[in-house]
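Contents: one structure, followed by commentary.
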Amino acid sequence: MRTFAAILLPMLVACSLPPERPVTRNELMRTPVYQKYVIQESPEEVVNALNRDGEVILESKRNIPGKNIPVHVKILATSEGLEVLEYER
């Protein structure tokens with residue numbers, strides 16, 4: 001049982017940690033997130049959330065004229081840079 005707890009605890013603690021180096025607005029804007037999706041939050045709000053939590057999940061929709069396709073967009077601040085994932089709502 002101790003071995004299981006020793007493995008599981010670091011995995012749980014590793015979730016939603018601030019990134020090693022702060023994310024900048026320019027780094028966020030280099031991703032296609034604001035071109036591919038309609039997002040209500042400003043880039044500054046997203047950067048602040050990324051720097052605080054290491055990840056952010058946004059309710060948005062795909063930027064396709066004439067269509068309303070709601071999605072959740074998850075942005076992760078990793079050591080390799082930003083990772084953008086999309087999930088259908």
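Identifiers in this document derive from the order of the structure tokens: chains are assigned A, B, ..., residues are numbered from 1 separately in each chain, and ligands are numbered from 1 in order of occurrence.
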
For A:Ile69, find every residue with an atom within 12 Å (counting only C-alpha atoms), except residues of its own chain fewer than 2 positions away, and show them as a PyMOL selection string. chain A and resi 36-38+59-67+71-72+86-89

Assign secondary structure with DSSP using the backbone only, and return the residues of chain A in alpha helix (DSSP H) as a ChimeraX atom specification. /A:2-13,25-29,33-36,43-53

Expected file contents, prior selection, C-alpha atoms, as a PDB file, in the first residue's frame:
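Once written, part_2.pdb looks like this:
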ATOM      1  CA  ARG A   2       2.850   2.413   0.765  1.00  0.00           C
ATOM      2  CA  THR A   3       4.356   1.826  -2.666  1.00  0.00           C
ATOM      3  CA  PHE A   4       1.051   2.677  -4.311  1.00  0.00           C
ATOM      4  CA  ALA A   5       0.784   5.917  -2.290  1.00  0.00           C
ATOM      5  CA  ALA A   6       4.400   6.802  -3.089  1.00  0.00           C
ATOM      6  CA  ILE A   7       3.638   6.508  -6.806  1.00  0.00           C
ATOM      7  CA  LEU A   8       0.200   8.120  -6.796  1.00  0.00           C
ATOM      8  CA  LEU A   9       0.952  11.134  -4.598  1.00  0.00           C
ATOM      9  CA  PRO A  10       3.568  12.731  -6.894  1.00  0.00           C
ATOM     10  CA  MET A  11       1.234  12.249  -9.852  1.00  0.00           C
ATOM     11  CA  LEU A  12      -1.568  14.099  -8.069  1.00  0.00           C
ATOM     12  CA  VAL A  13       0.708  16.886  -6.857  1.00  0.00           C
ATOM     13  CA  ARG A  25       1.564  37.036 -24.505  1.00  0.00           C
ATOM     14  CA  ASN A  26       3.755  36.700 -27.620  1.00  0.00           C
ATOM     15  CA  GLU A  27       4.189  32.985 -26.957  1.00  0.00           C
ATOM     16  CA  LEU A  28       0.408  32.569 -26.684  1.00  0.00           C
ATOM     17  CA  MET A  29      -0.194  34.552 -29.860  1.00  0.00           C
ATOM     18  CA  VAL A  33      -5.648  29.394 -30.779  1.00  0.00           C
ATOM     19  CA  TYR A  34      -7.166  32.845 -31.418  1.00  0.00           C
ATOM     20  CA  GLN A  35      -7.416  32.175 -35.178  1.00  0.00           C
ATOM     21  CA  LYS A  36      -8.967  28.687 -34.912  1.00  0.00           C
ATOM     22  CA  PRO A  43      -4.959  36.933 -24.126  1.00  0.00           C
ATOM     23  CA  GLU A  44      -3.845  38.631 -20.906  1.00  0.00           C
ATOM     24  CA  GLU A  45      -6.410  36.666 -18.871  1.00  0.00           C
ATOM     25  CA  VAL A  46      -5.279  33.418 -20.474  1.00  0.00           C
ATOM     26  CA  VAL A  47      -1.580  34.191 -19.859  1.00  0.00           C
ATOM     27  CA  ASN A  48      -2.299  35.045 -16.211  1.00  0.00           C
ATOM     28  CA  ALA A  49      -4.169  31.750 -15.712  1.00  0.00           C
ATOM     29  CA  LEU A  50      -1.377  29.789 -17.413  1.00  0.00           C
ATOM     30  CA  ASN A  51       1.278  31.404 -15.236  1.00  0.00           C
ATOM     31  CA  ARG A  52      -0.774  30.776 -12.089  1.00  0.00           C
ATOM     32  CA  ASP A  53      -2.019  27.213 -12.757  1.00  0.00           C
TER      33      ASP A  53
END

Set out as a Markdown table a contact list for stretch 11-48 of chain A and stretch 79-82 of chain A with a cut-off of 10 Å, giving each residue of stretch 11-48 of chain A that qualifies its closest atom pair and distance in Å to one decimal, counting only C-alpha atoms, ordered by chain and rising residue number.
| residue | atom | partner | partner_atom | distance |
| --- | --- | --- | --- | --- |
| A:Pro19 | CA | A:Ser79 | CA | 7.3 |
| A:Glu20 | CA | A:Ser79 | CA | 7.0 |
| A:Arg21 | CA | A:Ser79 | CA | 8.0 |
| A:Val23 | CA | A:Leu82 | CA | 8.4 |
| A:Glu27 | CA | A:Leu82 | CA | 7.8 |
| A:Leu28 | CA | A:Leu82 | CA | 7.4 |
| A:Arg30 | CA | A:Leu82 | CA | 9.5 |
| A:Thr31 | CA | A:Leu82 | CA | 7.7 |

Convert the current residue selection to file output with N, CA and C atoms, as a PDB file, in the first residue's frame.
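Result file is result.pdb:
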ATOM      1  N   PRO A  19       4.120  27.001 -14.552  1.00  0.00           N
ATOM      2  CA  PRO A  19       5.222  26.587 -15.424  1.00  0.00           C
ATOM      3  C   PRO A  19       6.572  27.010 -14.846  1.00  0.00           C
ATOM      4  N   GLU A  20       7.635  26.327 -15.299  1.00  0.00           N
ATOM      5  CA  GLU A  20       8.984  26.644 -14.828  1.00  0.00           C
ATOM      6  C   GLU A  20       9.391  28.058 -15.219  1.00  0.00           C
ATOM      7  N   ARG A  21       9.039  28.457 -16.432  1.00  0.00           N
ATOM      8  CA  ARG A  21       9.293  29.840 -16.840  1.00  0.00           C
ATOM      9  C   ARG A  21       7.961  30.446 -17.281  1.00  0.00           C
ATOM     10  N   VAL A  23       4.864  32.179 -19.062  1.00  0.00           N
ATOM     11  CA  VAL A  23       4.358  32.256 -20.433  1.00  0.00           C
ATOM     12  C   VAL A  23       4.158  33.732 -20.769  1.00  0.00           C
ATOM     13  N   GLU A  27       4.168  34.445 -26.835  1.00  0.00           N
ATOM     14  CA  GLU A  27       4.189  32.985 -26.957  1.00  0.00           C
ATOM     15  C   GLU A  27       2.778  32.443 -27.201  1.00  0.00           C
ATOM     16  N   LEU A  28       1.800  32.983 -26.484  1.00  0.00           N
ATOM     17  CA  LEU A  28       0.408  32.569 -26.684  1.00  0.00           C
ATOM     18  C   LEU A  28      -0.072  32.929 -28.086  1.00  0.00           C
ATOM     19  N   ARG A  30       1.622  33.159 -30.762  1.00  0.00           N
ATOM     20  CA  ARG A  30       2.263  32.340 -31.804  1.00  0.00           C
ATOM     21  C   ARG A  30       1.505  31.032 -32.036  1.00  0.00           C
ATOM     22  N   THR A  31       0.655  30.641 -31.095  1.00  0.00           N
ATOM     23  CA  THR A  31      -0.194  29.467 -31.307  1.00  0.00           C
ATOM     24  C   THR A  31      -1.394  29.916 -32.147  1.00  0.00           C
TER      25      THR A  31
END

Run DSSP on the backbone of this structure and report the residues of chain A it assigns to strand (DSSP E or B), as number ranges by chain. A: 37-39, 55-62, 70-78, 81-88

Could the residues in this selection be written to a file with N, CA and C atoms, as a short mmCIF file (atom, residue, chain, number, x, y, z; two decimals), in the first residue's frame?
data_model
loop_
_atom_site.label_atom_id
_atom_site.label_comp_id
_atom_site.auth_asym_id
_atom_site.auth_seq_id
_atom_site.Cartn_x
_atom_site.Cartn_y
_atom_site.Cartn_z
N TYR A 37 -10.26 29.46 -32.97
CA TYR A 37 -11.38 29.42 -32.04
C TYR A 37 -11.86 30.82 -31.71
N VAL A 38 -13.14 30.93 -31.39
CA VAL A 38 -13.71 32.17 -30.87
C VAL A 38 -13.65 32.07 -29.35
N ILE A 39 -12.79 32.88 -28.73
CA ILE A 39 -12.54 32.82 -27.30
C ILE A 39 -12.91 34.17 -26.69
N GLU A 55 -2.20 25.54 -16.61
CA GLU A 55 -3.16 25.11 -17.63
C GLU A 55 -4.41 25.97 -17.54
N VAL A 56 -5.15 26.00 -18.63
CA VAL A 56 -6.42 26.71 -18.65
C VAL A 56 -7.35 25.96 -19.59
N ILE A 57 -8.63 25.89 -19.22
CA ILE A 57 -9.65 25.29 -20.07
C ILE A 57 -10.67 26.36 -20.40
N LEU A 58 -10.88 26.60 -21.69
CA LEU A 58 -11.75 27.68 -22.15
C LEU A 58 -12.95 27.12 -22.89
N GLU A 59 -14.12 27.68 -22.62
CA GLU A 59 -15.29 27.36 -23.43
C GLU A 59 -15.23 28.25 -24.66
N SER A 60 -15.29 27.65 -25.83
CA SER A 60 -15.18 28.42 -27.06
C SER A 60 -15.95 27.71 -28.16
N LYS A 61 -15.78 28.20 -29.37
CA LYS A 61 -16.35 27.51 -30.53
C LYS A 61 -15.34 27.62 -31.66
N ARG A 62 -15.43 26.68 -32.57
CA ARG A 62 -14.53 26.71 -33.73
C ARG A 62 -14.86 27.94 -34.57
N PRO A 70 -19.49 24.17 -30.63
CA PRO A 70 -18.91 24.46 -29.32
C PRO A 70 -17.84 23.43 -28.94
N VAL A 71 -16.74 23.92 -28.39
CA VAL A 71 -15.64 23.06 -27.95
C VAL A 71 -15.04 23.61 -26.66
N HIS A 72 -14.34 22.76 -25.96
CA HIS A 72 -13.48 23.18 -24.86
C HIS A 72 -12.06 23.18 -25.40
N VAL A 73 -11.32 24.24 -25.14
CA VAL A 73 -9.93 24.32 -25.55
C VAL A 73 -9.09 24.30 -24.28
N LYS A 74 -8.19 23.33 -24.21
CA LYS A 74 -7.29 23.23 -23.06
C LYS A 74 -5.89 23.63 -23.53
N ILE A 75 -5.30 24.58 -22.81
CA ILE A 75 -3.95 25.03 -23.12
C ILE A 75 -3.06 24.66 -21.94
N LEU A 76 -2.00 23.94 -22.22
CA LEU A 76 -1.06 23.51 -21.19
C LEU A 76 0.27 24.23 -21.39
N ALA A 77 0.85 24.71 -20.31
CA ALA A 77 2.18 25.30 -20.34
C ALA A 77 3.17 24.20 -19.98
N THR A 78 3.88 23.67 -20.97
CA THR A 78 4.84 22.60 -20.74
C THR A 78 6.25 23.16 -20.88
N GLY A 81 6.91 24.22 -24.39
CA GLY A 81 6.09 25.31 -24.90
C GLY A 81 4.63 25.06 -24.62
N LEU A 82 3.76 25.78 -25.32
CA LEU A 82 2.33 25.64 -25.11
C LEU A 82 1.77 24.50 -25.94
N GLU A 83 0.88 23.75 -25.34
CA GLU A 83 0.20 22.65 -26.01
C GLU A 83 -1.29 22.95 -26.00
N VAL A 84 -1.92 22.92 -27.18
CA VAL A 84 -3.34 23.23 -27.32
C VAL A 84 -4.09 21.95 -27.67
N LEU A 85 -5.11 21.63 -26.85
CA LEU A 85 -5.95 20.45 -27.07
C LEU A 85 -7.40 20.88 -27.19
N GLU A 86 -8.16 20.19 -28.02
CA GLU A 86 -9.58 20.52 -28.22
C GLU A 86 -10.44 19.33 -27.85
N TYR A 87 -11.54 19.62 -27.15
CA TYR A 87 -12.52 18.61 -26.76
C TYR A 87 -13.90 19.11 -27.12
N GLU A 88 -14.72 18.25 -27.71
CA GLU A 88 -16.10 18.64 -28.03
C GLU A 88 -16.88 18.82 -26.76
#
